[in-house]
Amino acid sequence: MAQPPGYANPQFPTKVCRLKKALYGLKQAPRAWFQRLSSALLQWGFSNSRTDNSMFLHFGASTTLIVLIYVDDILITGSSSQQISSLITRLDSVFALRDLEQLSYFLGIEVSYHEGYMHLSQTKYTSDLLHRTTMFNTKAAKTPGAVGQNLSKFDGTPVEEITQYRSIVGALQYLTITRPDIAFAVNKAFQFMQQPTTAHWLSVKRILRYLKGTLHDGLLLRPSTHLTVEGFTDADWGAQPDDRRSASGYLVYLGDNLVSWSFTKQKVVSRSSAELEYRGLVLATAEIIWMQALLQELCISPPTIPLLWYDNISAYHMAKNHVFHARTKHIEIDLHFIRDQVL
């Protein structure tokens with residue numbers, strides 16, 4: 001730090017002003033705000049979740065309060081509307097708040113209610129994205145990607161507007177929060193951020209055309225008669241023609257509701273489809289374990305052991321059999337933690 005030109009004090013040339021609070025817009029401002037808010041919640045009897053650092057829990061004799069924080073946007077829910085109102089009043093006495101009543105819009109996610117169902121969508125976000133790319137009036141596509149098409153970095157010619165490509169694909173990635181149906185296609189487009197080509201841009205436009213025809217689609221959350229955790233995983237062996245790395249994805253359901261999903265390109269080349277599926281199982285298992293820990297913190301006990309569905313019998317034997325040395329000795333030790341989970 002140094003005194004600004006024209007305002008230097010000749011008597012104290014090395015002295016500078018010390019801020020008593022963080023200024024909005026600085027890099028350290030979000031951390032300072034979170035520390036201030038979290039310290040207040042902890043003083044009021046809340047506890048910080050171990051599985052999600054942005055979630056705070058308060059369990060009373062017969063009530064439960066849950067606070068979820070994203071910078072300066074806060075969601076509050078609980079078992080007692082009176083306790084929720086009391087907490088909002090308490091927060092308002094310390095911080096400058098604006099109560100938006102029942103949840104309807106949060107971080108670009110629209111929430112609508114109908115007969116006990118909750119629908120999450122990003123219709124406005126999608127519409128703004130289509131208008132920004134002048135794709136709102138185009139003909140809709142039936143699928144987000146061409147079936148059987150494996151893009152390569154050598155397809156097409158380099159595009160001039162690299163920044164535009166990166167901006168649009170980044171916006172599509174945020175859209176996968178409520179649109180798991182485009183996660184596969186967006187991940188494929190994301191692999192060519194370094195040097196996109198005309199072929200890659202056509203694949204992005206295909207995703208946008210698909211969104212045009214499914215503008216109001218989203219996630220439907222509904223009351224469930226059971227809270228069984230079920231996962232589904234699948235993989236595509238050697239899907240990337242440039243480096244022959246494979247891709248895998250999973251879906252995790254809590255009861256009848258889809259609550260978590262992912263599609264990723266694996267970091268190493270798998271020697272067989274069995275090894276590929278095995279690595280995919282590990283990723284899904286880690287997500288299920290995290291979800292179990294989160295449910296335990298919320299005092300929810302799933303009635304049965306979680307189920308993980310997949311379609312490779314060799315991976316099944318690798319997870320169950322401890323004597324498959326010849327086929328598994330090159331696989332990292334940390335991947336074999338799934339055997340402990342199976343037991």
# chains A, B, ... in the order shown; residues from 1 in each chain; ligands from 1
call {"tool": "select_by_dssp", "arguments": {"residues": "range 76-122 of chain A", "states": "strand (DSSP E)", "output": "ChimeraX atom specification"}}
result
/A:76-78,105-106,109-114,117-121
call {"tool": "write_last_selection", "arguments": {"atoms": "N, CA and C atoms", "output": "PDB file, in the first residue's frame"}}
result
ATOM      1  N   ILE A  76     -33.884 -19.744   3.693  1.00  0.00           N
ATOM      2  CA  ILE A  76     -34.215 -20.200   5.047  1.00  0.00           C
ATOM      3  C   ILE A  76     -35.420 -21.117   4.961  1.00  0.00           C
ATOM      4  N   THR A  77     -35.313 -22.286   5.549  1.00  0.00           N
ATOM      5  CA  THR A  77     -36.445 -23.204   5.622  1.00  0.00           C
ATOM      6  C   THR A  77     -36.426 -23.881   6.978  1.00  0.00           C
ATOM      7  N   GLY A  78     -37.515 -24.521   7.318  1.00  0.00           N
ATOM      8  CA  GLY A  78     -37.595 -25.181   8.616  1.00  0.00           C
ATOM      9  C   GLY A  78     -38.960 -25.787   8.831  1.00  0.00           C
ATOM     10  N   TYR A 105     -37.484 -17.256  -6.929  1.00  0.00           N
ATOM     11  CA  TYR A 105     -36.371 -17.010  -7.857  1.00  0.00           C
ATOM     12  C   TYR A 105     -35.091 -16.934  -7.040  1.00  0.00           C
ATOM     13  N   PHE A 106     -34.108 -17.733  -7.424  1.00  0.00           N
ATOM     14  CA  PHE A 106     -32.863 -17.791  -6.645  1.00  0.00           C
ATOM     15  C   PHE A 106     -31.711 -18.106  -7.584  1.00  0.00           C
ATOM     16  N   ILE A 109     -32.535 -19.406 -10.902  1.00  0.00           N
ATOM     17  CA  ILE A 109     -33.392 -20.596 -10.893  1.00  0.00           C
ATOM     18  C   ILE A 109     -34.802 -20.178 -10.495  1.00  0.00           C
ATOM     19  N   GLU A 110     -35.767 -20.481 -11.353  1.00  0.00           N
ATOM     20  CA  GLU A 110     -37.166 -20.151 -11.076  1.00  0.00           C
ATOM     21  C   GLU A 110     -37.843 -21.332 -10.403  1.00  0.00           C
ATOM     22  N   VAL A 111     -38.631 -21.036  -9.381  1.00  0.00           N
ATOM     23  CA  VAL A 111     -39.322 -22.059  -8.603  1.00  0.00           C
ATOM     24  C   VAL A 111     -40.819 -21.812  -8.687  1.00  0.00           C
ATOM     25  N   SER A 112     -41.560 -22.825  -9.113  1.00  0.00           N
ATOM     26  CA  SER A 112     -43.020 -22.726  -9.172  1.00  0.00           C
ATOM     27  C   SER A 112     -43.630 -23.910  -8.424  1.00  0.00           C
ATOM     28  N   TYR A 113     -44.837 -23.724  -7.925  1.00  0.00           N
ATOM     29  CA  TYR A 113     -45.495 -24.731  -7.092  1.00  0.00           C
ATOM     30  C   TYR A 113     -46.849 -25.076  -7.696  1.00  0.00           C
ATOM     31  N   HIS A 114     -47.207 -26.355  -7.601  1.00  0.00           N
ATOM     32  CA  HIS A 114     -48.502 -26.795  -8.108  1.00  0.00           C
ATOM     33  C   HIS A 114     -48.874 -28.112  -7.439  1.00  0.00           C
ATOM     34  N   TYR A 117     -46.211 -30.087  -5.701  1.00  0.00           N
ATOM     35  CA  TYR A 117     -45.021 -30.313  -6.509  1.00  0.00           C
ATOM     36  C   TYR A 117     -44.217 -29.014  -6.595  1.00  0.00           C
ATOM     37  N   MET A 118     -42.918 -29.155  -6.744  1.00  0.00           N
ATOM     38  CA  MET A 118     -42.034 -28.002  -6.931  1.00  0.00           C
ATOM     39  C   MET A 118     -41.275 -28.183  -8.247  1.00  0.00           C
ATOM     40  N   HIS A 119     -41.354 -27.172  -9.098  1.00  0.00           N
ATOM     41  CA  HIS A 119     -40.697 -27.248 -10.400  1.00  0.00           C
ATOM     42  C   HIS A 119     -39.572 -26.225 -10.458  1.00  0.00           C
ATOM     43  N   LEU A 120     -38.348 -26.686 -10.740  1.00  0.00           N
ATOM     44  CA  LEU A 120     -37.182 -25.825 -10.858  1.00  0.00           C
ATOM     45  C   LEU A 120     -36.825 -25.685 -12.331  1.00  0.00           C
ATOM     46  N   SER A 121     -36.670 -24.451 -12.781  1.00  0.00           N
ATOM     47  CA  SER A 121     -36.335 -24.212 -14.183  1.00  0.00           C
ATOM     48  C   SER A 121     -35.487 -22.956 -14.279  1.00  0.00           C
TER      49      SER A 121
END
call {"tool": "closest_atom_pairs", "arguments": {"of": "range 33-73 of chain A", "to": "range 287-301 of chain A", "cutoff": "10 Å", "atoms": "only C-alpha atoms", "output": "tab-separated table"}}
result
residue	atom	partner	partner_atom	distance
A:Ser49	CA	A:Glu297	CA	7.3
A:Arg50	CA	A:Leu294	CA	8.2
A:Thr51	CA	A:Leu294	CA	5.8
A:Asp52	CA	A:Leu294	CA	7.8
A:Leu57	CA	A:Leu298	CA	8.0
A:His58	CA	A:Leu298	CA	9.8
A:Phe59	CA	A:Leu298	CA	9.2
A:Thr64	CA	A:Leu298	CA	9.0
A:Leu65	CA	A:Leu298	CA	10.0
A:Ile66	CA	A:Leu298	CA	8.9
call {"tool": "residues_around", "arguments": {"residues": "range 183-189 of chain A", "least_positions_apart": "4", "cutoff": "9 Å", "atoms": "only C-alpha atoms", "output": "JSON list (two decimals) with N, CA, C and O atoms, in the first residue's frame"}}
result
[["chain", "number", "residue", "atom", "x", "y", "z"],
["A", 144, "PRO", "N", -29.99, -32.64, -28.05],
["A", 144, "PRO", "CA", -28.92, -31.65, -27.83],
["A", 144, "PRO", "C", -27.65, -31.94, -28.61],
["A", 144, "PRO", "O", -26.77, -31.08, -28.69],
["A", 145, "GLY", "N", -27.52, -33.12, -29.17],
["A", 145, "GLY", "CA", -26.33, -33.46, -29.94],
["A", 145, "GLY", "C", -26.65, -34.50, -30.99],
["A", 145, "GLY", "O", -27.63, -35.23, -30.89],
["A", 150, "ASN", "N", -18.57, -38.05, -32.56],
["A", 150, "ASN", "CA", -17.45, -37.85, -31.65],
["A", 150, "ASN", "C", -16.58, -36.72, -32.21],
["A", 150, "ASN", "O", -15.87, -36.90, -33.20],
["A", 151, "LEU", "N", -16.66, -35.59, -31.58],
["A", 151, "LEU", "CA", -15.91, -34.42, -32.04],
["A", 151, "LEU", "C", -14.43, -34.58, -31.77],
["A", 151, "LEU", "O", -14.02, -35.14, -30.76],
["A", 169, "VAL", "N", -20.42, -21.35, -23.89],
["A", 169, "VAL", "CA", -20.29, -22.67, -23.28],
["A", 169, "VAL", "C", -20.30, -22.56, -21.76],
["A", 169, "VAL", "O", -20.88, -23.39, -21.05],
["A", 170, "GLY", "N", -19.66, -21.52, -21.22],
["A", 170, "GLY", "CA", -19.70, -21.30, -19.77],
["A", 170, "GLY", "C", -21.12, -21.04, -19.29],
["A", 170, "GLY", "O", -21.53, -21.53, -18.23],
["A", 172, "LEU", "N", -23.81, -22.18, -20.75],
["A", 172, "LEU", "CA", -24.51, -23.46, -20.85],
["A", 172, "LEU", "C", -24.18, -24.37, -19.67],
["A", 172, "LEU", "O", -25.04, -25.13, -19.21],
["A", 173, "GLN", "N", -22.95, -24.28, -19.17],
["A", 173, "GLN", "CA", -22.59, -25.11, -18.03],
["A", 173, "GLN", "C", -23.42, -24.73, -16.80],
["A", 173, "GLN", "O", -23.86, -25.60, -16.04],
["A", 175, "LEU", "N", -26.37, -23.65, -16.91],
["A", 175, "LEU", "CA", -27.72, -24.10, -17.20],
["A", 175, "LEU", "C", -27.93, -25.57, -16.82],
["A", 175, "LEU", "O", -29.06, -26.00, -16.60],
["A", 176, "THR", "N", -26.84, -26.34, -16.71],
["A", 176, "THR", "CA", -26.98, -27.76, -16.35],
["A", 176, "THR", "C", -27.42, -27.95, -14.90],
["A", 176, "THR", "O", -27.65, -29.08, -14.48],
["A", 179, "ARG", "N", -30.84, -28.64, -15.87],
["A", 179, "ARG", "CA", -31.03, -29.35, -17.14],
["A", 179, "ARG", "C", -29.99, -30.44, -17.30],
["A", 179, "ARG", "O", -29.01, -30.30, -18.04],
["A", 193, "MET", "N", -12.30, -25.74, -25.37],
["A", 193, "MET", "CA", -12.21, -24.32, -25.02],
["A", 193, "MET", "C", -10.87, -23.71, -25.45],
["A", 193, "MET", "O", -10.77, -22.51, -25.69],
["A", 196, "PRO", "N", -11.36, -23.65, -30.18],
["A", 196, "PRO", "CA", -12.58, -24.14, -30.81],
["A", 196, "PRO", "C", -12.56, -23.95, -32.32],
["A", 196, "PRO", "O", -11.89, -23.05, -32.85],
["A", 200, "HIS", "N", -17.08, -27.36, -33.71],
["A", 200, "HIS", "CA", -17.46, -27.27, -32.29],
["A", 200, "HIS", "C", -18.54, -26.20, -32.09],
["A", 200, "HIS", "O", -19.45, -26.38, -31.28],
["A", 201, "TRP", "N", -18.44, -25.10, -32.84],
["A", 201, "TRP", "CA", -19.45, -24.06, -32.73],
["A", 201, "TRP", "C", -20.81, -24.54, -33.24],
["A", 201, "TRP", "O", -21.86, -24.19, -32.69],
["A", 203, "SER", "N", -21.86, -27.60, -32.92],
["A", 203, "SER", "CA", -22.41, -28.44, -31.85],
["A", 203, "SER", "C", -23.02, -27.58, -30.74],
["A", 203, "SER", "O", -24.04, -27.96, -30.15],
["A", 204, "VAL", "N", -22.43, -26.42, -30.47],
["A", 204, "VAL", "CA", -22.99, -25.50, -29.47],
["A", 204, "VAL", "C", -24.32, -24.93, -29.96],
["A", 204, "VAL", "O", -25.29, -24.83, -29.20],
["A", 207, "ILE", "N", -27.05, -27.35, -29.39],
["A", 207, "ILE", "CA", -27.56, -27.32, -28.01],
["A", 207, "ILE", "C", -28.54, -26.17, -27.83],
["A", 207, "ILE", "O", -29.61, -26.32, -27.22],
["A", 249, "GLY", "N", -20.55, -41.00, -16.46],
["A", 249, "GLY", "CA", -21.52, -40.13, -15.80],
["A", 249, "GLY", "C", -22.38, -40.92, -14.84],
["A", 249, "GLY", "O", -22.42, -42.16, -14.87],
["A", 261, "TRP", "N", -26.18, -35.21, -10.33],
["A", 261, "TRP", "CA", -25.76, -35.83, -11.57],
["A", 261, "TRP", "C", -24.43, -35.24, -12.01],
["A", 261, "TRP", "O", -24.05, -34.15, -11.59],
["A", 262, "SER", "N", -23.72, -35.98, -12.83],
["A", 262, "SER", "CA", -22.44, -35.51, -13.32],
["A", 262, "SER", "C", -22.05, -36.29, -14.56],
["A", 262, "SER", "O", -22.40, -37.47, -14.70],
["A", 263, "PHE", "N", -21.35, -35.61, -15.45],
["A", 263, "PHE", "CA", -20.75, -36.27, -16.60],
["A", 263, "PHE", "C", -19.35, -35.70, -16.77],
["A", 263, "PHE", "O", -19.18, -34.49, -16.91],
["A", 264, "THR", "N", -18.34, -36.54, -16.71],
["A", 264, "THR", "CA", -16.96, -36.07, -16.74],
["A", 264, "THR", "C", -16.12, -36.94, -17.67],
["A", 264, "THR", "O", -16.42, -38.11, -17.90],
["A", 265, "LYS", "N", -15.06, -36.32, -18.15],
["A", 265, "LYS", "CA", -14.05, -37.04, -18.92],
["A", 265, "LYS", "C", -13.00, -37.54, -17.95],
["A", 265, "LYS", "O", -12.48, -36.78, -17.13]]
call {"tool": "residues_around", "arguments": {"residues": "range 22-24 of chain A", "least_positions_apart": "4", "cutoff": "12 Å", "atoms": "only C-alpha atoms", "output": "PyMOL selection string"}}
result
chain A and resi 18+28-36+71-72
call {"tool": "write_last_selection", "arguments": {"atoms": "C-alpha atoms", "output": "compact mmCIF listing (two decimals), in the first residue's frame"}}
result
# COMPACT_ATOMS: atom_id res chain seq x y z
CA ARG A 18 -6.60 1.12 7.46
CA GLN A 28 -11.62 -10.36 0.19
CA ALA A 29 -15.15 -8.92 0.57
CA PRO A 30 -17.09 -12.24 0.16
CA ARG A 31 -14.88 -13.97 2.75
CA ALA A 32 -15.25 -11.07 5.20
CA TRP A 33 -19.04 -11.06 4.70
CA PHE A 34 -19.29 -14.83 5.22
CA GLN A 35 -17.23 -14.63 8.42
CA ARG A 36 -19.49 -11.87 9.74
CA VAL A 71 -22.60 -14.89 -0.82
CA ASP A 72 -25.38 -12.41 0.06
call {"tool": "residues_around", "arguments": {"residues": "range 94-99 of chain A", "least_positions_apart": "4", "cutoff": "10 Å", "atoms": "only C-alpha atoms", "output": "compact mmCIF listing (two decimals) with N, CA and C atoms, in the first residue's frame"}}
result
# COMPACT_ATOMS: atom_id res chain seq x y z
N ARG A 36 -18.59 -12.68 8.91
CA ARG A 36 -19.49 -11.87 9.74
C ARG A 36 -20.84 -12.54 9.92
N LEU A 37 -21.39 -13.06 8.82
CA LEU A 37 -22.70 -13.70 8.88
C LEU A 37 -22.64 -15.02 9.64
N ALA A 40 -22.42 -14.64 13.43
CA ALA A 40 -23.71 -14.31 14.03
C ALA A 40 -24.60 -15.55 14.16
N ASP A 72 -24.41 -13.20 -0.68
CA ASP A 72 -25.38 -12.41 0.06
C ASP A 72 -26.82 -12.82 -0.26
N ASP A 73 -27.00 -13.98 -0.87
CA ASP A 73 -28.33 -14.55 -1.09
C ASP A 73 -28.53 -15.68 -0.09
N ILE A 74 -29.64 -15.65 0.63
CA ILE A 74 -29.87 -16.58 1.73
C ILE A 74 -31.22 -17.27 1.55
N SER A 85 -39.84 -16.84 10.74
CA SER A 85 -40.10 -15.40 10.84
C SER A 85 -39.25 -14.76 11.93
N ILE A 88 -35.70 -14.36 10.63
CA ILE A 88 -35.60 -13.27 9.66
C ILE A 88 -35.58 -11.93 10.40
N THR A 89 -36.44 -11.78 11.41
CA THR A 89 -36.45 -10.55 12.20
C THR A 89 -35.13 -10.34 12.91
N ARG A 90 -34.57 -11.41 13.41
CA ARG A 90 -33.29 -11.32 14.11
C ARG A 90 -32.16 -10.92 13.16
call {"tool": "select_by_dssp", "arguments": {"residues": "range 229-325 of chain A", "states": "alpha helix (DSSP H)", "output": "PyMOL selection string"}}
result
chain A and resi 273-297+313-320+325
call {"tool": "closest_residue", "arguments": {"among": "A:Thr63, A:Thr123, A:Ser47, A:Ser273", "to": "Gln82 in chain A", "atoms": "only C-alpha atoms"}}
result
A:Thr63
call {"tool": "residues_around", "arguments": {"residues": "range 276-285 of chain A", "least_positions_apart": "5", "cutoff": "10 Å", "atoms": "only C-alpha atoms", "output": "count of residues only"}}
result
51
call {"tool": "closest_residue", "arguments": {"among": "A:Leu107, A:Leu26, A:Leu208, A:Ala286", "to": "Thr134 in chain A", "atoms": "only C-alpha atoms"}}
result
A:Leu208
call {"tool": "residues_around", "arguments": {"residues": "Asp155 in chain A", "least_positions_apart": "2", "cutoff": "6 Å", "atoms": "only C-alpha atoms", "output": "ChimeraX atom specification"}}
result
/A:152-153,199
call {"tool": "closest_residue", "arguments": {"among": "A:Gly108, A:Ser86, A:Thr178, A:Ser127", "to": "Gly213 in chain A", "atoms": "only C-alpha atoms"}}
result
A:Ser127
call {"tool": "atom_distance", "arguments": {"atom1": "CA of Glu161 in chain A", "atom2": "CA of Gln191 in chain A"}}
result
16.7 Å
call {"tool": "atom_distance", "arguments": {"atom1": "CA of Leu219 in chain A", "atom2": "CA of Met55 in chain A"}}
result
21.8 Å
